[in-house]
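Reviewing the structure listed below.
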Amino acid sequence: MKKNWWKILAVVLLVYTVVAGMLTEVPRLAILNETIRNLYFHVPMWFGMILILLVSVIYSIKYLRNPTIKSDVIAHEAAKVGILFGVLGIVTGMEWAKFTWGEYWSNDPKQNGAAIGLLIYFAYLVLRSSFSEQQQRARISAVYNIFAFAALIPLLFILPRLTDSLHPGNGGNPGFNTYDLDSRLRMVFYPAVIGWTLLGIWMVNVKSRLEILRQRLYETV
């Protein structure tokens with residue numbers, strides 16, 4: 001129980017996020033209206049993606065410093081979970097954009113940056129699959145993973161701020177904190193960020209353990 005407290009916390013926070021996110025009162029804002037509830041899903045997905053991909057990069061660096069199967073597996077599985085969160089972030093963002101901007105994809109700089117960032121990480125998966133030798137695959141993909149994360153950050157957080165953007169907090173638009181992220185939203189938003197991130201870490205933990213076990217069983221055959 002002591003080792004699994006964070007898993008219990010993840011379940012509690014996610015149940016709270018879904019229930020409170022759908023039922024609690026939210027500010028009545030022009031254009032946004034009830035779609036503001038997507039703040040509890042879309043934005044935390046991106047927070048979770050960044051943190052999980054950061055874990056992936058850390059383990060890639062650890063592998064380059066001290067090559068172990070565990071570091072390579074965790075880096076790979078964290079990247080896959082991070083990509084999943086990124087896809088969910090784009091999908092929920094497109095749904096939100098349809099109701100607020102009038103179309104699913106408006107070529108907004110942040111939308112385009114997110115899409116390019118995900119394509120870079122899809123290329124990471126393709127790169128890994130192109131090598132059959134384990135050490136070569138792990139070493140080259142670890143280096144690529146580091147550069148992929150270094151490219152993702154400016155694509156999401158720097159370039160959209162340098163041009164016109166519909167996203168809050170970008171292109172001269174005020175962020176949510178500036179005008180409407182009141183106490184009602186914060187009470188659900190911050191637990192949602194923690195809950196979704198813990199879920200991602202949980203997924204990485206399970207997938208990594210299964211993959212390490214699979215490789216050990218393969219070596220004994």
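Note on naming: chains are A, B, ... as they come in the structure tokens, residues start from 1 per chain, ligands start from 1 in the order shown.
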Give me the region 112-145 of chain A side of the contact with region 79-96 of chain A, cut-off 12 Å, one line per residue showing its nearest atom pair and distance in Å at one decimal, counting only C-alpha atoms, sorted by chain and residue number, as CSV.
```
residue,atom,partner,partner_atom,distance
A:Asn112,CA,A:Ile90,CA,10.2
A:Gly113,CA,A:Ile90,CA,10.8
A:Ala114,CA,A:Ile90,CA,7.5
A:Ala115,CA,A:Ile90,CA,7.9
A:Ile116,CA,A:Gly86,CA,11.2
A:Gly117,CA,A:Gly86,CA,9.1
A:Leu118,CA,A:Ile83,CA,6.7
A:Leu119,CA,A:Ile83,CA,9.5
A:Ile120,CA,A:Ile83,CA,10.1
A:Tyr121,CA,A:Ile83,CA,7.0
A:Phe122,CA,A:Ile83,CA,7.8
A:Ala123,CA,A:Ile83,CA,11.2
A:Tyr124,CA,A:Ala79,CA,8.7
A:Leu125,CA,A:Lys80,CA,8.1
A:Val126,CA,A:Lys80,CA,11.7
A:Arg128,CA,A:Ala79,CA,11.5
A:Ser141,CA,A:Ala79,CA,10.8
A:Ala142,CA,A:Ala79,CA,10.7
A:Tyr144,CA,A:Ala79,CA,11.6
A:Asn145,CA,A:Ala79,CA,8.3
```
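Ranking A:Leu64, A:Thr197, A:Phe99, A:Ala192 by their shortest atom-to-atom distance to Val143 (chain A), with only C-alpha atoms included, puts A:Leu64 first.
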* Of the listed residues A:Gly48, A:Pro109, A:Val193, A:Leu185, that which approaches Pro154 (chain A) most closely, counting only C-alpha atoms -> A:Pro109
With the cut-off set at 12 Å and counting only C-alpha atoms, tabulate each residue of region 21-55 of chain A with an atom at most that distance from an atom of region 10-15 of chain A, showing the nearest atom pair and its distance in Å to one decimal, ordered by chain and increasing number, as a Markdown table.
```
| residue | atom | partner | partner_atom | distance |
| --- | --- | --- | --- | --- |
| A:Gly21 | CA | A:Val15 | CA | 9.5 |
| A:Met22 | CA | A:Val15 | CA | 10.9 |
| A:Tyr40 | CA | A:Leu14 | CA | 10.1 |
| A:Phe41 | CA | A:Leu14 | CA | 10.2 |
| A:Pro44 | CA | A:Leu14 | CA | 11.2 |
```
Write out the residues from the selection above, keeping N, CA and C atoms, as a PDB file, in the first residue's frame.
```pdb
ATOM      1  N   GLY A  21     -15.344  18.079 -13.272  1.00  0.00           N
ATOM      2  CA  GLY A  21     -15.185  18.781 -14.545  1.00  0.00           C
ATOM      3  C   GLY A  21     -16.469  18.864 -15.336  1.00  0.00           C
ATOM      4  N   MET A  22     -17.325  17.874 -15.169  1.00  0.00           N
ATOM      5  CA  MET A  22     -18.588  17.863 -15.903  1.00  0.00           C
ATOM      6  C   MET A  22     -19.742  18.514 -15.140  1.00  0.00           C
ATOM      7  N   TYR A  40      -9.903  21.138 -18.481  1.00  0.00           N
ATOM      8  CA  TYR A  40      -9.526  20.079 -17.549  1.00  0.00           C
ATOM      9  C   TYR A  40      -8.963  18.844 -18.252  1.00  0.00           C
ATOM     10  N   PHE A  41      -9.061  18.818 -19.578  1.00  0.00           N
ATOM     11  CA  PHE A  41      -8.613  17.654 -20.331  1.00  0.00           C
ATOM     12  C   PHE A  41      -7.525  18.013 -21.342  1.00  0.00           C
ATOM     13  N   PRO A  44      -4.157  19.754 -19.460  1.00  0.00           N
ATOM     14  CA  PRO A  44      -3.393  18.775 -18.680  1.00  0.00           C
ATOM     15  C   PRO A  44      -2.742  17.693 -19.533  1.00  0.00           C
TER      16      PRO A  44
END
```
* Asked: Excluding same-chain residues fewer than 5 positions from region 204-217 of chain A, what lies within 8 Å of it counting only C-alpha atoms, as a list in words?
  -> Ile69, Lys70, Val73, Ile74, Glu77, Ala78 and Val81 of chain A
* Out of A:Tyr218, A:Phe47, A:Trp202, A:Tyr63, which residue has the shortest atom-to-atom distance to Arg137 (chain A) when counting only C-alpha atoms? -> A:Tyr63
* Asked: In Å, how far is it from CA of Thr17 (chain A) to CA of Gly195 (chain A)?
  -> 8.0 Å
